[in-house]
Amino acid sequence: MLQEERFLRIRNLLATFSRVSVDRIVQDLSVSRETVRRDLLELEGTGELRRVHGGAVATGPEPEAPLAVRLVARQKEKRAIAKAAVGLLRPGQTLFLDAGSTTAILAEEIAMLSGMTVITNSLNIALKLAGADEGRSSHNVVRLLGGGIDVGTQATHGDGTLEDIRRFRVDVALMSPVGLHAKHGAMSFEHHEAAVARAMAEQAQQLVILADHSKIGVASRVTYARCADIDVIVTDAKARGVAALAGLRKACERVIVA
């Protein structure tokens, strides 16, 4: 039996039972325990399952935690990513930033620069950057995209936001996905968030994805950028311990570990 066929059978077992034992896989696939062990290791590396004692459990996509929770999680790693991302920018560039906890920290780093134009759908980011220039001559230009407001993400979305995005052609789009997967690319859980991210990516000359180690190898519900469309991935040092990073290095043009 070919490996891809075994993977498909294992996925089907997990889709049916959510948890499956090594013995059950051995019996159903008529292969050795060592073959099953190797297959489970590979599938865990791509984020499709989690190995447990005696077998594996499914790891289906989950919604992101509320923004207030994400803003205080893994701050050290996100700060390192933000500093590395700022090093990719040049004075005078126009940027898209989507709504996320990592891009919010990136906004704090951008606030220390001058001559940038930042276009965002994030109320939080727009206020951070506008507040940084309050009481002094403006160092950067900040534009908040129109549209409906999502209270949970503190961001605009919908047809009005997409129309607004398409008015601009920017140098760099910097975005933080829910998951980053070698096969599926940069992903969101919510369709309306993916639509905004996809539109930003399409209107940018360069796409930079900011993803801390917890997002590496994770597949969510909606792809907004394939690995072939991503110019740079910036992640943190803990990603070196994530098996799925090797696949991303092969699939994507450039990976920076901050």
# chains A, B, ... in the order shown; residues from 1 in each chain; ligands from 1

call {"tool": "residues_around", "arguments": {"residues": "region 80-95 of chain A", "least_positions_apart": "3", "cutoff": "9 Å", "atoms": "only C-alpha atoms", "output": "ChimeraX atom specification"}}
result
/A:75-77,102-103,105-110,113-120,169-174,204,208,210-212,234-237,256-258

call {"tool": "closest_atom_pairs", "arguments": {"of": "region 154-214 of chain A", "to": "region 25-49 of chain A", "cutoff": "12 Å", "atoms": "only C-alpha atoms", "output": "JSON lines"}}
result
{"residue": "A:Gly179", "atom": "CA", "partner": "A:Gly47", "partner_atom": "CA", "distance": 9.6}
{"residue": "A:Leu180", "atom": "CA", "partner": "A:Gly47", "partner_atom": "CA", "distance": 9.7}
{"residue": "A:His181", "atom": "CA", "partner": "A:Thr46", "partner_atom": "CA", "distance": 6.9}
{"residue": "A:Ala182", "atom": "CA", "partner": "A:Thr46", "partner_atom": "CA", "distance": 7.5}
{"residue": "A:Lys183", "atom": "CA", "partner": "A:Thr46", "partner_atom": "CA", "distance": 8.4}
{"residue": "A:His184", "atom": "CA", "partner": "A:Thr46", "partner_atom": "CA", "distance": 10.0}
{"residue": "A:Gly185", "atom": "CA", "partner": "A:Thr46", "partner_atom": "CA", "distance": 11.5}
{"residue": "A:Ser214", "atom": "CA", "partner": "A:Gly47", "partner_atom": "CA", "distance": 10.6}

call {"tool": "atom_distance", "arguments": {"atom1": "CA of Arg226 (chain A)", "atom2": "CA of Arg51 (chain A)"}}
result
26.8 Å

call {"tool": "atom_distance", "arguments": {"atom1": "CA of Leu162 (chain A)", "atom2": "CA of Ala219 (chain A)"}}
result
24.2 Å

call {"tool": "residues_around", "arguments": {"residues": "Ile230 (chain A)", "least_positions_apart": "5", "cutoff": "7 Å", "atoms": "only C-alpha atoms", "output": "list in words"}}
result
Leu207, Val208, Ala225 and Cys252 of chain A

call {"tool": "write_last_selection", "arguments": {"atoms": "C-alpha atoms", "output": "JSON list (two decimals), in the first residue's frame"}}
result
[["chain", "number", "residue", "atom", "x", "y", "z"],
["A", 207, "LEU", "CA", 3.69, 39.13, 1.19],
["A", 208, "VAL", "CA", 5.26, 38.59, 4.63],
["A", 225, "ALA", "CA", -2.30, 32.43, 0.58],
["A", 252, "CYS", "CA", 8.24, 28.56, 0.87]]

call {"tool": "residues_around", "arguments": {"residues": "Ala195 (chain A)", "least_positions_apart": "6", "cutoff": "10 Å", "atoms": "only C-alpha atoms", "output": "list in words"}}
result
His157, Gly158, Asp159, Thr161, Leu162, Ser188, Ala201, Val222, Thr223 and Tyr224 of chain A

call {"tool": "write_last_selection", "arguments": {"atoms": "N, CA, C and O atoms", "output": "short mmCIF file (atom, residue, chain, number, x, y, z; two decimals), in the first residue's frame"}}
result
data_model
loop_
_atom_site.label_atom_id
_atom_site.label_comp_id
_atom_site.auth_asym_id
_atom_site.auth_seq_id
_atom_site.Cartn_x
_atom_site.Cartn_y
_atom_site.Cartn_z
N HIS A 157 -14.58 44.57 8.37
CA HIS A 157 -14.65 43.45 7.44
C HIS A 157 -15.86 43.63 6.54
O HIS A 157 -16.66 44.55 6.72
N GLY A 158 -15.99 42.75 5.56
CA GLY A 158 -17.15 42.78 4.68
C GLY A 158 -16.84 43.42 3.34
O GLY A 158 -15.70 43.79 3.04
N ASP A 159 -17.90 43.56 2.52
CA ASP A 159 -17.73 44.07 1.16
C ASP A 159 -17.11 45.46 1.13
O ASP A 159 -16.29 45.76 0.26
N THR A 161 -14.98 46.75 3.22
CA THR A 161 -13.55 46.63 3.50
C THR A 161 -12.80 46.14 2.27
O THR A 161 -11.73 46.65 1.91
N LEU A 162 -13.37 45.13 1.60
CA LEU A 162 -12.72 44.58 0.41
C LEU A 162 -12.62 45.62 -0.71
O LEU A 162 -11.60 45.72 -1.39
N SER A 188 -6.98 31.07 7.80
CA SER A 188 -7.84 31.67 8.83
C SER A 188 -8.94 30.70 9.20
O SER A 188 -9.25 29.78 8.44
N ALA A 201 -3.28 40.46 0.29
CA ALA A 201 -2.17 39.75 -0.35
C ALA A 201 -2.15 40.02 -1.86
O ALA A 201 -1.09 40.20 -2.46
N VAL A 222 -9.76 27.99 6.24
CA VAL A 222 -9.78 28.71 4.97
C VAL A 222 -8.38 29.20 4.60
O VAL A 222 -7.75 29.93 5.37
N THR A 223 -7.89 28.79 3.44
CA THR A 223 -6.60 29.27 2.95
C THR A 223 -6.75 30.63 2.29
O THR A 223 -7.68 30.85 1.51
N TYR A 224 -5.84 31.57 2.62
CA TYR A 224 -5.86 32.84 1.91
C TYR A 224 -4.58 33.09 1.13
O TYR A 224 -4.52 34.00 0.30
#

call {"tool": "closest_residue", "arguments": {"among": "A:Ala246, A:Val141, A:Gly146, A:Thr59", "to": "Ser220 (chain A)", "atoms": "only C-alpha atoms"}}
result
A:Thr59

call {"tool": "select_by_dssp", "arguments": {"residues": "region 10-152 of chain A", "states": "alpha helix (DSSP H)", "output": "mmCIF file with N, CA and C atoms, in the first residue's frame"}}
result
data_model
loop_
_atom_site.group_PDB
_atom_site.id
_atom_site.type_symbol
_atom_site.label_atom_id
_atom_site.label_comp_id
_atom_site.auth_asym_id
_atom_site.auth_seq_id
_atom_site.Cartn_x
_atom_site.Cartn_y
_atom_site.Cartn_z
ATOM 1 N N ILE A 10 -5.872 6.426 7.320
ATOM 2 C CA ILE A 10 -5.733 6.894 8.705
ATOM 3 C C ILE A 10 -6.614 8.122 8.933
ATOM 4 N N ARG A 11 -6.624 9.050 7.971
ATOM 5 C CA ARG A 11 -7.483 10.247 8.088
ATOM 6 C C ARG A 11 -8.948 9.835 8.198
ATOM 7 N N ASN A 12 -9.355 8.857 7.394
ATOM 8 C CA ASN A 12 -10.749 8.406 7.421
ATOM 9 C C ASN A 12 -11.102 7.781 8.768
ATOM 10 N N LEU A 13 -10.175 7.016 9.324
ATOM 11 C CA LEU A 13 -10.411 6.424 10.641
ATOM 12 C C LEU A 13 -10.587 7.509 11.703
ATOM 13 N N LEU A 14 -9.738 8.522 11.655
ATOM 14 C CA LEU A 14 -9.820 9.609 12.637
ATOM 15 C C LEU A 14 -11.086 10.440 12.442
ATOM 16 N N ALA A 15 -11.477 10.633 11.171
ATOM 17 C CA ALA A 15 -12.712 11.390 10.899
ATOM 18 C C ALA A 15 -13.927 10.657 11.452
ATOM 19 N N THR A 16 -13.864 9.334 11.462
ATOM 20 C CA THR A 16 -14.985 8.520 11.940
ATOM 21 C C THR A 16 -14.999 8.386 13.450
ATOM 22 N N PHE A 17 -13.818 8.131 14.037
ATOM 23 C CA PHE A 17 -13.763 7.785 15.465
ATOM 24 C C PHE A 17 -13.101 8.843 16.354
ATOM 25 N N VAL A 22 -3.117 2.233 17.572
ATOM 26 C CA VAL A 22 -2.151 1.680 16.625
ATOM 27 C C VAL A 22 -2.591 0.291 16.182
ATOM 28 N N ASP A 23 -3.087 -0.506 17.128
ATOM 29 C CA ASP A 23 -3.535 -1.862 16.798
ATOM 30 C C ASP A 23 -4.649 -1.844 15.753
ATOM 31 N N ARG A 24 -5.578 -0.891 15.895
ATOM 32 C CA ARG A 24 -6.685 -0.800 14.923
ATOM 33 C C ARG A 24 -6.149 -0.433 13.540
ATOM 34 N N ILE A 25 -5.185 0.485 13.480
ATOM 35 C CA ILE A 25 -4.607 0.895 12.189
ATOM 36 C C ILE A 25 -3.855 -0.275 11.561
ATOM 37 N N VAL A 26 -3.062 -0.982 12.383
ATOM 38 C CA VAL A 26 -2.327 -2.157 11.891
ATOM 39 C C VAL A 26 -3.295 -3.175 11.282
ATOM 40 N N GLN A 27 -4.394 -3.417 11.977
ATOM 41 C CA GLN A 27 -5.377 -4.402 11.515
ATOM 42 C C GLN A 27 -6.058 -3.946 10.229
ATOM 43 N N ASP A 28 -6.476 -2.666 10.186
ATOM 44 C CA ASP A 28 -7.219 -2.165 9.025
ATOM 45 C C ASP A 28 -6.338 -2.027 7.784
ATOM 46 N N LEU A 29 -5.068 -1.654 7.980
ATOM 47 C CA LEU A 29 -4.197 -1.399 6.840
ATOM 48 C C LEU A 29 -3.312 -2.587 6.474
ATOM 49 N N ARG A 33 3.571 -2.406 12.740
ATOM 50 C CA ARG A 33 3.479 -1.337 13.739
ATOM 51 C C ARG A 33 4.518 -0.253 13.459
ATOM 52 N N GLU A 34 5.692 -0.639 12.972
ATOM 53 C CA GLU A 34 6.731 0.347 12.667
ATOM 54 C C GLU A 34 6.288 1.278 11.538
ATOM 55 N N THR A 35 5.622 0.729 10.536
ATOM 56 C CA THR A 35 5.101 1.560 9.443
ATOM 57 C C THR A 35 4.058 2.540 9.978
ATOM 58 N N VAL A 36 3.169 2.049 10.837
ATOM 59 C CA VAL A 36 2.152 2.930 11.431
ATOM 60 C C VAL A 36 2.814 4.020 12.259
ATOM 61 N N ARG A 37 3.837 3.649 13.032
ATOM 62 C CA ARG A 37 4.536 4.648 13.866
ATOM 63 C C ARG A 37 5.123 5.763 13.000
ATOM 64 N N ARG A 38 5.760 5.376 11.876
ATOM 65 C CA ARG A 38 6.341 6.385 10.974
ATOM 66 C C ARG A 38 5.252 7.263 10.357
ATOM 67 N N ASP A 39 4.150 6.650 9.953
ATOM 68 C CA ASP A 39 3.056 7.423 9.345
ATOM 69 C C ASP A 39 2.462 8.421 10.338
ATOM 70 N N LEU A 40 2.272 7.978 11.575
ATOM 71 C CA LEU A 40 1.704 8.873 12.587
ATOM 72 C C LEU A 40 2.657 10.032 12.882
ATOM 73 N N LEU A 41 3.956 9.755 12.886
ATOM 74 C CA LEU A 41 4.946 10.825 13.088
ATOM 75 C C LEU A 41 4.845 11.871 11.996
ATOM 76 N N GLU A 42 4.734 11.413 10.732
ATOM 77 C CA GLU A 42 4.640 12.360 9.615
ATOM 78 C C GLU A 42 3.353 13.168 9.670
ATOM 79 N N LEU A 43 2.243 12.511 9.951
ATOM 80 C CA LEU A 43 0.958 13.214 10.006
ATOM 81 C C LEU A 43 0.904 14.177 11.187
ATOM 82 N N GLU A 44 1.564 13.835 12.282
ATOM 83 C CA GLU A 44 1.644 14.769 13.407
ATOM 84 C C GLU A 44 2.469 15.986 13.024
ATOM 85 N N GLY A 45 3.524 15.767 12.237
ATOM 86 C CA GLY A 45 4.372 16.876 11.798
ATOM 87 C C GLY A 45 3.652 17.883 10.932
ATOM 88 N N LEU A 67 -9.182 38.139 21.037
ATOM 89 C CA LEU A 67 -8.014 39.000 20.833
ATOM 90 C C LEU A 67 -7.378 39.391 22.160
ATOM 91 N N ALA A 68 -8.187 39.678 23.175
ATOM 92 C CA ALA A 68 -7.642 40.081 24.483
ATOM 93 C C ALA A 68 -6.737 38.999 25.062
ATOM 94 N N VAL A 69 -7.080 37.738 24.821
ATOM 95 C CA VAL A 69 -6.252 36.622 25.299
ATOM 96 C C VAL A 69 -4.978 36.526 24.467
ATOM 97 N N ARG A 70 -5.110 36.648 23.147
ATOM 98 C CA ARG A 70 -3.960 36.501 22.260
ATOM 99 C C ARG A 70 -2.943 37.628 22.446
ATOM 100 N N GLN A 75 4.210 36.850 24.174
ATOM 101 C CA GLN A 75 4.636 38.208 23.821
ATOM 102 C C GLN A 75 6.115 38.277 23.445
ATOM 103 N N LYS A 76 6.953 37.529 24.159
ATOM 104 C CA LYS A 76 8.387 37.548 23.860
ATOM 105 C C LYS A 76 8.649 37.066 22.437
ATOM 106 N N GLU A 77 8.004 35.977 22.060
ATOM 107 C CA GLU A 77 8.182 35.430 20.720
ATOM 108 C C GLU A 77 7.640 36.387 19.656
ATOM 109 N N LYS A 78 6.480 36.962 19.923
ATOM 110 C CA LYS A 78 5.873 37.878 18.950
ATOM 111 C C LYS A 78 6.696 39.155 18.799
ATOM 112 N N ARG A 79 7.304 39.597 19.899
ATOM 113 C CA ARG A 79 8.174 40.787 19.820
ATOM 114 C C ARG A 79 9.397 40.497 18.961
ATOM 115 N N ALA A 80 9.969 39.320 19.113
ATOM 116 C CA ALA A 80 11.129 38.946 18.296
ATOM 117 C C ALA A 80 10.757 38.891 16.816
ATOM 118 N N ILE A 81 9.581 38.338 16.543
ATOM 119 C CA ILE A 81 9.093 38.281 15.156
ATOM 120 C C ILE A 81 8.901 39.687 14.599
ATOM 121 N N ALA A 82 8.282 40.570 15.401
ATOM 122 C CA ALA A 82 8.022 41.942 14.961
ATOM 123 C C ALA A 82 9.316 42.691 14.652
ATOM 124 N N LYS A 83 10.301 42.539 15.501
ATOM 125 C CA LYS A 83 11.585 43.225 15.274
ATOM 126 C C LYS A 83 12.257 42.719 13.995
ATOM 127 N N ALA A 84 12.184 41.424 13.765
ATOM 128 C CA ALA A 84 12.768 40.871 12.541
ATOM 129 C C ALA A 84 12.006 41.358 11.309
ATOM 130 N N ALA A 85 10.686 41.457 11.412
ATOM 131 C CA ALA A 85 9.871 41.914 10.282
ATOM 132 C C ALA A 85 10.160 43.367 9.941
ATOM 133 N N VAL A 86 10.333 44.209 10.963
ATOM 134 C CA VAL A 86 10.658 45.624 10.722
ATOM 135 C C VAL A 86 11.973 45.747 9.957
ATOM 136 N N SER A 101 -2.811 39.703 16.916
ATOM 137 C CA SER A 101 -1.984 40.048 18.081
ATOM 138 C C SER A 101 -0.527 40.283 17.683
ATOM 139 N N THR A 102 -0.020 39.522 16.720
ATOM 140 C CA THR A 102 1.369 39.711 16.291
ATOM 141 C C THR A 102 1.522 40.993 15.490
ATOM 142 N N THR A 103 0.549 41.289 14.637
ATOM 143 C CA THR A 103 0.625 42.539 13.879
ATOM 144 C C THR A 103 0.411 43.744 14.791
ATOM 145 N N ALA A 104 -0.304 43.567 15.898
ATOM 146 C CA ALA A 104 -0.452 44.667 16.863
ATOM 147 C C ALA A 104 0.897 45.005 17.495
ATOM 148 N N ILE A 105 1.693 43.981 17.806
ATOM 149 C CA ILE A 105 3.036 44.232 18.341
ATOM 150 C C ILE A 105 3.935 44.810 17.255
ATOM 151 N N LEU A 106 3.767 44.335 16.028
ATOM 152 C CA LEU A 106 4.515 44.908 14.910
ATOM 153 C C LEU A 106 4.222 46.401 14.771
ATOM 154 N N ALA A 107 2.968 46.799 14.974
ATOM 155 C CA ALA A 107 2.597 48.208 14.875
ATOM 156 C C ALA A 107 3.390 49.055 15.862
ATOM 157 N N GLU A 108 3.652 48.521 17.051
ATOM 158 C CA GLU A 108 4.448 49.256 18.051
ATOM 159 C C GLU A 108 5.871 49.476 17.552
ATOM 160 N N GLU A 109 6.415 48.502 16.837
ATOM 161 C CA GLU A 109 7.759 48.644 16.275
ATOM 162 C C GLU A 109 7.752 49.618 15.104
ATOM 163 N N ILE A 110 6.720 49.576 14.282
ATOM 164 C CA ILE A 110 6.615 50.498 13.148
ATOM 165 C C ILE A 110 6.450 51.934 13.632
ATOM 166 N N LEU A 123 -8.793 48.268 14.295
ATOM 167 C CA LEU A 123 -8.978 49.477 15.098
ATOM 168 C C LEU A 123 -7.842 49.611 16.098
ATOM 169 N N ASN A 124 -7.439 48.510 16.689
ATOM 170 C CA ASN A 124 -6.373 48.499 17.677
ATOM 171 C C ASN A 124 -5.062 49.023 17.092
ATOM 172 N N ILE A 125 -4.690 48.527 15.908
ATOM 173 C CA ILE A 125 -3.450 48.955 15.254
ATOM 174 C C ILE A 125 -3.525 50.415 14.845
ATOM 175 N N ALA A 126 -4.650 50.821 14.272
ATOM 176 C CA ALA A 126 -4.803 52.216 13.845
ATOM 177 C C ALA A 126 -4.652 53.158 15.033
ATOM 178 N N LEU A 127 -5.251 52.806 16.171
ATOM 179 C CA LEU A 127 -5.160 53.659 17.362
ATOM 180 C C LEU A 127 -3.738 53.665 17.921
ATOM 181 N N LYS A 128 -3.056 52.526 17.905
ATOM 182 C CA LYS A 128 -1.665 52.459 18.383
ATOM 183 C C LYS A 128 -0.785 53.413 17.584
ATOM 184 N N LEU A 129 -0.904 53.350 16.260
ATOM 185 C CA LEU A 129 -0.041 54.165 15.403
ATOM 186 C C LEU A 129 -0.417 55.637 15.463
ATOM 187 N N ALA A 130 -1.724 55.930 15.489
ATOM 188 C CA ALA A 130 -2.158 57.329 15.585
ATOM 189 C C ALA A 130 -1.752 57.911 16.930
ATOM 190 N N GLY A 131 -1.869 57.117 17.994
ATOM 191 C CA GLY A 131 -1.498 57.583 19.326
ATOM 192 C C GLY A 131 -0.020 57.841 19.462
ATOM 193 N N ALA A 132 0.791 57.080 18.727
ATOM 194 C CA ALA A 132 2.246 57.265 18.793
ATOM 195 C C ALA A 132 2.664 58.625 18.256
#
